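Q: Supplied in structure tokens, the structure appears directly below.
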Amino acid sequence: MSGSVTTDHPSPAPSSALRMRRRLRLRGLTWLVWRQNRLSFWIGIAAATAVAAYAIVRHQEMTTAIADGHLNACRGTTVPAGDCSHKLNSFTRTYQFPMRRPLQAMLALPLVFGVFLGGPQLAQELESGTYRTVCTQSVTQLRWFAAKLLVPVVLTILVSGTIAAAMTWWWRPAGSLLGGWFPWWQWYPYDGIGPVVVGLSVLSLLIGVTAGLILRRTVLAMGATVVLGAVTMYVLESVRGHLLPTTLATVQHPTGTAAPSNAWVLSEGAVDATGRHVPDLPSCYATDDYANCLARHGRTGRWAEFHPSSDLWPSQWAETGLCLLLAAGLAGLCVWWIRHRPA
């Protein structure tokens with residue numbers, strides 16, 4: 001009697017690429033939070049892509065205009081004269097003026113993340129009570145908070161970083177060419193370029209999340225985020241000049257300034273023959289010979305305390321670090337609040 005023997009062949013092991021995709025696939029609570037924020041993510045990515053495309057085009061237009069107009073010869077001049085003055089004025093009207101409004105609008109970008117992403121993040125679920133459904137599925141409140149925080153933080157860093165990089169790319173040729181005509185230390189362009197945009201955005205997001213956790217009302221949390229975010233940005237701008245050591249310089253001529261071109265001057269004044277700081281003489285401003293008036297009163301030089309233009313990026317990173325430190329402190333406050341005041 002003949003019979004047939006069947007053998008079970010083991011299924012082939014999944015490939016390394018398949019295993020990697022499985023590891024990267026979002027699951028559980030993280031997937032749920034992603035689903036809740038996916039519309040904000042795609043809107044943010046679309047906006048960042050549009051800004052980046054526009055900035056690339058404008059950057060190329062500026063670099064072409066600089067090369068065609070031979071403007072590199074005028075680079076770094078404090079008070080351009082003659083042909084340079086005409087060329088730089090024309091360049092400013094054509095390329096720098098259109099840049100001002102977008103750079104000014106960048107001041108509102110961190111508040112957008114705080115108000116529309118951070119404020120409702122916890123407040124909506126606390127206000128409606130839907131968080132209880134999640135927390136009954138073997139999920140602790142701290143794990144729920146961590147997932148609710150991780151996804152928007154990643155989204156904020158990705159979108160704000162892309163926009164900040166695009167705006168920096170657009171600004172760089174004009175900032176390098178115009179120098180003191182377009183000071184780097186003014187609130188624009190400073191607040192619209194570099195890593196400080198990301199730092200402020202993450203901090204504003206955490207302000208919104210904290211307000212939502214404490215106030216438990218969506219609209220109230222969004223309003224509080226606007227106020228607290230604006231106050232925080234004002235305070236950070238006030239302390240910005242003190243985040244890095246300043247440079248102190250003295251020159252032995254009674255007029256002008258002791259600071260180099262395009263430096264951020266925090267304070268300055270007159271010195272006498274011994275190098276001692278002495279008060280300025282406003283009465284000399286009205287005289288015909290200003291320099292001789294100062295010399296007659298013993299004002300032989302000038303002193304200045306300033307940040308040189310090379311401090312731009314160190315200052316940006318210092319303020320970014322401060323923003324992230326404050327954001328971490330707010331995250332710690334949220335953890336403490338959840339532990340000691342469970343919802």
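Chains: A, B, ... in order of the structure tokens. Residues: from 1 per chain. Ligands: from 1, in order shown.
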Any idea what's packed within 9 Å of segment 326-334 of chain A, counting only C-alpha atoms, ignoring anything in its chain fewer than 3 positions away? Could you give it as an mmCIF file with N, CA, C and O atoms, in the first residue's frame?
A:
data_model
loop_
_atom_site.group_PDB
_atom_site.id
_atom_site.type_symbol
_atom_site.label_atom_id
_atom_site.label_comp_id
_atom_site.auth_asym_id
_atom_site.auth_seq_id
_atom_site.Cartn_x
_atom_site.Cartn_y
_atom_site.Cartn_z
ATOM 1 N N PHE A 145 0.998 61.042 28.783
ATOM 2 C CA PHE A 145 1.592 62.371 28.627
ATOM 3 C C PHE A 145 2.829 62.313 27.739
ATOM 4 O O PHE A 145 3.028 63.178 26.877
ATOM 5 N N LEU A 149 3.303 64.268 24.185
ATOM 6 C CA LEU A 149 4.341 65.291 24.069
ATOM 7 C C LEU A 149 5.328 64.971 22.960
ATOM 8 O O LEU A 149 5.786 65.870 22.245
ATOM 9 N N GLY A 199 14.269 76.740 18.936
ATOM 10 C CA GLY A 199 14.211 76.817 20.391
ATOM 11 C C GLY A 199 12.965 77.529 20.886
ATOM 12 O O GLY A 199 12.284 77.065 21.810
ATOM 13 N N VAL A 202 9.792 75.267 20.261
ATOM 14 C CA VAL A 202 9.643 74.184 21.245
ATOM 15 C C VAL A 202 9.221 74.751 22.602
ATOM 16 O O VAL A 202 8.354 74.179 23.278
ATOM 17 N N LEU A 203 9.805 75.864 23.003
ATOM 18 C CA LEU A 203 9.429 76.478 24.271
ATOM 19 C C LEU A 203 7.968 76.914 24.245
ATOM 20 O O LEU A 203 7.226 76.695 25.216
ATOM 21 N N SER A 204 7.541 77.532 23.164
ATOM 22 C CA SER A 204 6.148 77.955 23.061
ATOM 23 C C SER A 204 5.209 76.753 23.081
ATOM 24 O O SER A 204 4.125 76.802 23.689
ATOM 25 N N LEU A 205 5.609 75.670 22.427
ATOM 26 C CA LEU A 205 4.804 74.455 22.459
ATOM 27 C C LEU A 205 4.621 73.957 23.889
ATOM 28 O O LEU A 205 3.506 73.609 24.305
ATOM 29 N N LEU A 206 5.712 73.924 24.663
ATOM 30 C CA LEU A 206 5.629 73.451 26.044
ATOM 31 C C LEU A 206 4.819 74.399 26.919
ATOM 32 O O LEU A 206 4.145 73.962 27.856
ATOM 33 N N ILE A 207 4.883 75.695 26.618
ATOM 34 C CA ILE A 207 4.025 76.640 27.347
ATOM 35 C C ILE A 207 2.562 76.292 27.106
ATOM 36 O O ILE A 207 1.739 76.267 28.035
ATOM 37 N N VAL A 209 1.303 73.312 26.154
ATOM 38 C CA VAL A 209 0.994 72.023 26.775
ATOM 39 C C VAL A 209 0.782 72.194 28.280
ATOM 40 O O VAL A 209 -0.170 71.643 28.858
ATOM 41 N N THR A 210 1.659 72.951 28.925
ATOM 42 C CA THR A 210 1.537 73.167 30.371
ATOM 43 C C THR A 210 0.259 73.919 30.709
ATOM 44 O O THR A 210 -0.442 73.580 31.665
ATOM 45 N N LEU A 213 -2.645 71.522 30.450
ATOM 46 C CA LEU A 213 -2.691 70.570 31.558
ATOM 47 C C LEU A 213 -3.247 71.208 32.821
ATOM 48 O O LEU A 213 -4.035 70.591 33.556
ATOM 49 N N ILE A 214 -2.844 72.428 33.085
ATOM 50 C CA ILE A 214 -3.249 73.086 34.326
ATOM 51 C C ILE A 214 -4.664 73.664 34.224
ATOM 52 O O ILE A 214 -5.484 73.518 35.139
ATOM 53 N N GLY A 321 19.757 77.101 23.568
ATOM 54 C CA GLY A 321 19.972 76.247 24.737
ATOM 55 C C GLY A 321 19.141 76.695 25.928
ATOM 56 O O GLY A 321 18.584 75.862 26.664
ATOM 57 N N LEU A 322 19.041 78.001 26.130
ATOM 58 C CA LEU A 322 18.218 78.520 27.218
ATOM 59 C C LEU A 322 16.749 78.167 26.996
ATOM 60 O O LEU A 322 16.042 77.769 27.943
ATOM 61 N N CYS A 323 16.267 78.301 25.765
ATOM 62 C CA CYS A 323 14.879 77.950 25.455
ATOM 63 C C CYS A 323 14.616 76.466 25.732
ATOM 64 O O CYS A 323 13.578 76.110 26.326
ATOM 65 N N TRP A 337 3.009 67.644 38.049
ATOM 66 C CA TRP A 337 1.574 67.928 38.165
ATOM 67 C C TRP A 337 0.757 66.644 38.002
ATOM 68 O O TRP A 337 -0.208 66.412 38.732
ATOM 69 N N ILE A 338 1.142 65.820 37.024
ATOM 70 C CA ILE A 338 0.404 64.573 36.771
ATOM 71 C C ILE A 338 0.552 63.606 37.952
ATOM 72 O O ILE A 338 -0.407 62.926 38.341
ATOM 73 N N ARG A 339 1.737 63.551 38.538
ATOM 74 C CA ARG A 339 1.971 62.631 39.650
ATOM 75 C C ARG A 339 1.241 63.055 40.916
ATOM 76 O O ARG A 339 0.722 62.222 41.657
#
Q: Can you check which residues of segment 266-306 of chain A DSSP gives as alpha helix (DSSP H) on the backbone and send them as a PyMOL selection string?
A: chain A and resi 290-296
Q: Write out as a list in words which residues come within 8 Å of Thr320 of chain A when counting only C-alpha atoms, dropping same-chain ones fewer than 5 positions away.
A: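 My reading of the contact set: Pro195, Val196, Val197, Val198, Gly199 and Leu200 of chain A.
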Q: Within 9 Å of segment 301-307 of chain A, counting only C-alpha atoms, which residues qualify if same-chain residues fewer than 6 places away don't, as a short mmCIF file (atom, residue, chain, number, x, y, z; two decimals) with N, CA, C and O atoms, in the first residue's frame?
A:
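Output below, filename around26.cif:
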data_model
loop_
_atom_site.label_atom_id
_atom_site.label_comp_id
_atom_site.auth_asym_id
_atom_site.auth_seq_id
_atom_site.Cartn_x
_atom_site.Cartn_y
_atom_site.Cartn_z
N GLY A 241 21.38 90.17 24.99
CA GLY A 241 22.70 90.78 24.92
C GLY A 241 23.64 90.36 26.03
O GLY A 241 24.85 90.65 25.97
N LEU A 244 26.22 86.15 26.24
CA LEU A 244 27.63 85.94 25.92
C LEU A 244 28.46 87.08 26.47
O LEU A 244 27.95 88.19 26.66
N PRO A 245 29.73 86.83 26.77
CA PRO A 245 30.60 87.94 27.21
C PRO A 245 30.71 89.01 26.13
O PRO A 245 30.77 88.70 24.94
N THR A 246 30.72 90.23 26.55
CA THR A 246 30.84 91.34 25.60
C THR A 246 32.31 91.72 25.41
O THR A 246 33.19 91.30 26.17
N THR A 247 32.57 92.50 24.38
CA THR A 247 33.89 93.02 24.09
C THR A 247 33.93 94.50 24.45
O THR A 247 33.00 95.24 24.10
N LEU A 248 34.98 94.91 25.14
CA LEU A 248 35.15 96.32 25.50
C LEU A 248 36.35 96.87 24.76
O LEU A 248 37.45 96.32 24.83
N ALA A 249 36.15 97.96 24.03
CA ALA A 249 37.22 98.55 23.22
C ALA A 249 37.27 100.05 23.46
O ALA A 249 36.24 100.68 23.76
N THR A 250 38.47 100.60 23.33
CA THR A 250 38.69 102.05 23.48
C THR A 250 39.53 102.55 22.32
O THR A 250 40.49 101.89 21.91
N VAL A 251 39.16 103.69 21.77
CA VAL A 251 39.94 104.32 20.71
C VAL A 251 40.25 105.76 21.12
O VAL A 251 39.47 106.40 21.82
N GLN A 252 41.39 106.25 20.65
CA GLN A 252 41.82 107.60 21.02
C GLN A 252 41.46 108.61 19.94
O GLN A 252 42.33 109.20 19.30
N HIS A 253 40.16 108.75 19.68
CA HIS A 253 39.69 109.89 18.90
C HIS A 253 38.33 110.27 19.48
O HIS A 253 37.53 109.38 19.84
N PRO A 254 38.04 111.54 19.60
CA PRO A 254 36.87 111.97 20.37
C PRO A 254 35.54 111.77 19.68
O PRO A 254 34.49 111.88 20.32
N THR A 255 35.53 111.49 18.38
CA THR A 255 34.27 111.31 17.65
C THR A 255 34.20 109.90 17.09
O THR A 255 35.18 109.15 17.12
N GLY A 256 33.06 109.56 16.56
CA GLY A 256 32.89 108.23 15.99
C GLY A 256 32.55 107.21 17.07
O GLY A 256 31.97 107.52 18.10
N THR A 257 32.95 105.98 16.83
CA THR A 257 32.66 104.89 17.76
C THR A 257 33.87 103.98 17.87
O THR A 257 34.68 103.89 16.95
N ALA A 258 33.97 103.31 19.01
CA ALA A 258 35.05 102.36 19.22
C ALA A 258 34.69 100.96 18.73
O ALA A 258 35.53 100.07 18.74
N ALA A 259 33.44 100.76 18.34
CA ALA A 259 32.99 99.44 17.90
C ALA A 259 33.23 99.26 16.41
O ALA A 259 33.16 100.22 15.64
N PRO A 260 33.50 98.04 15.96
CA PRO A 260 33.67 97.80 14.53
C PRO A 260 32.34 97.86 13.79
O PRO A 260 31.27 97.93 14.41
N ALA A 263 28.64 95.88 14.49
CA ALA A 263 28.66 95.35 15.86
C ALA A 263 27.39 95.77 16.58
O ALA A 263 26.80 96.81 16.29
N TRP A 264 26.98 94.94 17.53
CA TRP A 264 25.83 95.25 18.38
C TRP A 264 26.34 96.01 19.59
O TRP A 264 26.88 95.43 20.53
N VAL A 265 26.21 97.32 19.58
CA VAL A 265 26.73 98.17 20.65
C VAL A 265 25.70 98.21 21.78
O VAL A 265 24.57 98.67 21.60
N LEU A 266 26.11 97.76 22.96
CA LEU A 266 25.22 97.77 24.12
C LEU A 266 25.32 99.08 24.89
O LEU A 266 24.33 99.57 25.42
N SER A 267 26.53 99.63 24.95
CA SER A 267 26.73 100.92 25.61
C SER A 267 28.05 101.51 25.13
O SER A 267 28.96 100.77 24.73
N GLU A 268 28.14 102.84 25.18
CA GLU A 268 29.36 103.51 24.76
C GLU A 268 29.40 104.89 25.39
O GLU A 268 28.39 105.38 25.92
N GLY A 269 30.57 105.50 25.33
CA GLY A 269 30.73 106.82 25.91
C GLY A 269 32.11 107.38 25.64
O GLY A 269 32.86 106.87 24.80
N ALA A 270 32.45 108.44 26.37
CA ALA A 270 33.73 109.14 26.17
C ALA A 270 34.74 108.72 27.23
O ALA A 270 34.39 108.23 28.30
N VAL A 271 36.02 108.91 26.90
CA VAL A 271 37.12 108.71 27.86
C VAL A 271 38.00 109.94 27.85
O VAL A 271 38.06 110.69 26.87
N ASP A 272 38.70 110.14 28.98
CA ASP A 272 39.65 111.24 29.04
C ASP A 272 41.05 110.73 28.71
O ASP A 272 41.23 109.57 28.29
N ALA A 273 42.04 111.56 28.91
CA ALA A 273 43.42 111.21 28.53
C ALA A 273 43.96 110.02 29.32
O ALA A 273 44.86 109.32 28.85
N GLY A 275 42.16 107.42 30.11
CA GLY A 275 41.38 106.24 29.77
C GLY A 275 40.16 106.03 30.65
O GLY A 275 39.46 105.03 30.52
N HIS A 277 36.41 106.46 32.01
CA HIS A 277 35.11 106.74 31.39
C HIS A 277 34.52 108.00 32.00
O HIS A 277 34.40 108.13 33.23
#
Q: Between A:Arg101, A:Arg93, A:Arg38, A:Lys148, which residue has the minimum interatomic distance to Gly212 of chain A, considering only C-alpha atoms?
A: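 Closest to Gly212 of chain A, using only C-alpha atoms: A:Lys148.
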Q: Quick one: residues within 12 Å of Thr156 of chain A, only C-alpha atoms, excluding same-chain residues fewer than 4 positions away - as a ChimeraX atom specification?
A: /A:37,40-45,48,109-114,116-118,149-152,160-164,197-206
Q: Please identify every residue of segment 153-226 of chain A that has at least one atom no farther than 10 Å from an atom of segment 51-59 of chain A, counting only C-alpha atoms, and for each give the shortest atom pair and the distance in Å to one decimal, arranged by chain then increasing number, as JSON lines.
A:
{"residue": "A:Thr162", "atom": "CA", "partner": "A:Ala52", "partner_atom": "CA", "distance": 7.3}
{"residue": "A:Ile163", "atom": "CA", "partner": "A:Val51", "partner_atom": "CA", "distance": 6.4}
{"residue": "A:Ala164", "atom": "CA", "partner": "A:Ala52", "partner_atom": "CA", "distance": 9.1}
{"residue": "A:Ala165", "atom": "CA", "partner": "A:Ala52", "partner_atom": "CA", "distance": 8.0}
{"residue": "A:Ala166", "atom": "CA", "partner": "A:Ala52", "partner_atom": "CA", "distance": 4.9}
{"residue": "A:Met167", "atom": "CA", "partner": "A:Ala55", "partner_atom": "CA", "distance": 6.4}
{"residue": "A:Thr168", "atom": "CA", "partner": "A:Ala55", "partner_atom": "CA", "distance": 8.8}
{"residue": "A:Trp169", "atom": "CA", "partner": "A:His59", "partner_atom": "CA", "distance": 6.7}
{"residue": "A:Trp170", "atom": "CA", "partner": "A:His59", "partner_atom": "CA", "distance": 4.8}
{"residue": "A:Trp171", "atom": "CA", "partner": "A:His59", "partner_atom": "CA", "distance": 7.6}
{"residue": "A:Arg172", "atom": "CA", "partner": "A:His59", "partner_atom": "CA", "distance": 8.3}
{"residue": "A:Pro173", "atom": "CA", "partner": "A:His59", "partner_atom": "CA", "distance": 7.3}
{"residue": "A:Ala174", "atom": "CA", "partner": "A:His59", "partner_atom": "CA", "distance": 9.0}
Q: Can you write just those residues out, N, CA, C and O atoms, as a tab-separated table (two decimals), in the first residue's frame?
A:
chain	number	residue	atom	x	y	z
A	162	THR	N	12.91	73.36	9.32
A	162	THR	CA	12.92	73.51	7.87
A	162	THR	C	12.68	74.97	7.47
A	162	THR	O	13.37	75.53	6.61
A	163	ILE	N	11.69	75.60	8.11
A	163	ILE	CA	11.39	77.00	7.79
A	163	ILE	C	12.55	77.90	8.19
A	163	ILE	O	12.92	78.83	7.44
A	164	ALA	N	13.15	77.67	9.36
A	164	ALA	CA	14.27	78.50	9.81
A	164	ALA	C	15.46	78.35	8.86
A	164	ALA	O	16.14	79.34	8.54
A	165	ALA	N	15.74	77.12	8.41
A	165	ALA	CA	16.84	76.92	7.48
A	165	ALA	C	16.59	77.64	6.16
A	165	ALA	O	17.50	78.25	5.57
A	166	ALA	N	15.34	77.61	5.70
A	166	ALA	CA	15.00	78.29	4.44
A	166	ALA	C	15.16	79.80	4.58
A	166	ALA	O	15.72	80.46	3.69
A	167	MET	N	14.67	80.36	5.69
A	167	MET	CA	14.77	81.80	5.88
A	167	MET	C	16.23	82.23	6.06
A	167	MET	O	16.63	83.30	5.58
A	168	THR	N	17.03	81.41	6.72
A	168	THR	CA	18.46	81.72	6.87
A	168	THR	C	19.16	81.72	5.51
A	168	THR	O	19.99	82.59	5.22
A	169	TRP	N	18.81	80.75	4.68
A	169	TRP	CA	19.39	80.65	3.33
A	169	TRP	C	19.03	81.88	2.50
A	169	TRP	O	19.85	82.40	1.74
A	170	TRP	N	17.81	82.35	2.66
A	170	TRP	CA	17.35	83.53	1.93
A	170	TRP	C	18.05	84.79	2.44
A	170	TRP	O	18.50	85.63	1.66
A	171	TRP	N	18.19	84.90	3.75
A	171	TRP	CA	18.75	86.12	4.35
A	171	TRP	C	20.25	86.24	4.16
A	171	TRP	O	20.79	87.36	4.04
A	172	ARG	N	20.97	85.14	4.13
A	172	ARG	CA	22.43	85.18	4.21
A	172	ARG	C	23.11	86.08	3.18
A	172	ARG	O	23.99	86.88	3.53
A	173	PRO	N	22.78	86.03	1.89
A	173	PRO	CA	23.47	86.92	0.93
A	173	PRO	C	23.25	88.39	1.23
A	173	PRO	O	24.18	89.19	1.15
A	174	ALA	N	22.01	88.78	1.60
A	174	ALA	CA	21.73	90.17	1.91
A	174	ALA	C	22.42	90.60	3.19
A	174	ALA	O	23.00	91.69	3.26
Q: Determine which residues of segment 49-262 of chain A receive a DSSP assignment of strand (DSSP E or B), computed from the backbone, and state them as a ChimeraX atom specification.
A: /A:247-251
Q: Between atom CA of Tyr234 of chain A and atom CA of Arg216 of chain A, what is the spacing in Å?
A: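 The value is 26.0 Å.
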Q: Mind checking which residues fall within 9 Å of segment 183-188 of chain A, counting only C-alpha atoms, ignoring those fewer than 4 positions away in the same chain, and posting them as a list in words?
A: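 That gives Arg100, Leu103, Gln104, Met106, Leu107, Gly175, Leu178, Gly179, Gly192, Ile193, Glu237, Asn262, Ala263, Trp264, Ser309 and Leu312 of chain A.
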Q: Save out the residues we just selected, C-alpha atoms, as a CSV table (one decimal), in the first residue's frame.
A:
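The new file part_9.csv reads:
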chain,number,residue,atom,x,y,z
A,100,ARG,CA,11.4,92.3,5.7
A,103,LEU,CA,11.2,88.0,8.6
A,104,GLN,CA,8.8,90.0,10.8
A,106,MET,CA,8.6,84.7,11.7
A,107,LEU,CA,8.2,86.3,15.1
A,175,GLY,CA,23.0,90.1,5.5
A,178,LEU,CA,24.7,94.9,3.5
A,179,GLY,CA,26.4,94.5,6.9
A,192,GLY,CA,13.5,84.8,12.0
A,193,ILE,CA,16.7,82.9,11.2
A,237,GLU,CA,15.0,89.5,23.9
A,262,ASN,CA,28.0,95.9,12.1
A,263,ALA,CA,28.7,95.4,15.9
A,264,TRP,CA,25.8,95.3,18.4
A,309,SER,CA,29.1,90.3,14.2
A,312,LEU,CA,25.6,86.0,15.8
Q: Which residue, A:Val235, A:Leu177, A:Ala224, A:Ala50, has the smallest gap to Asn89 of chain A when you use only C-alpha atoms?
A: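 The shortest atom-to-atom distance to Asn89 of chain A comes from A:Leu177.
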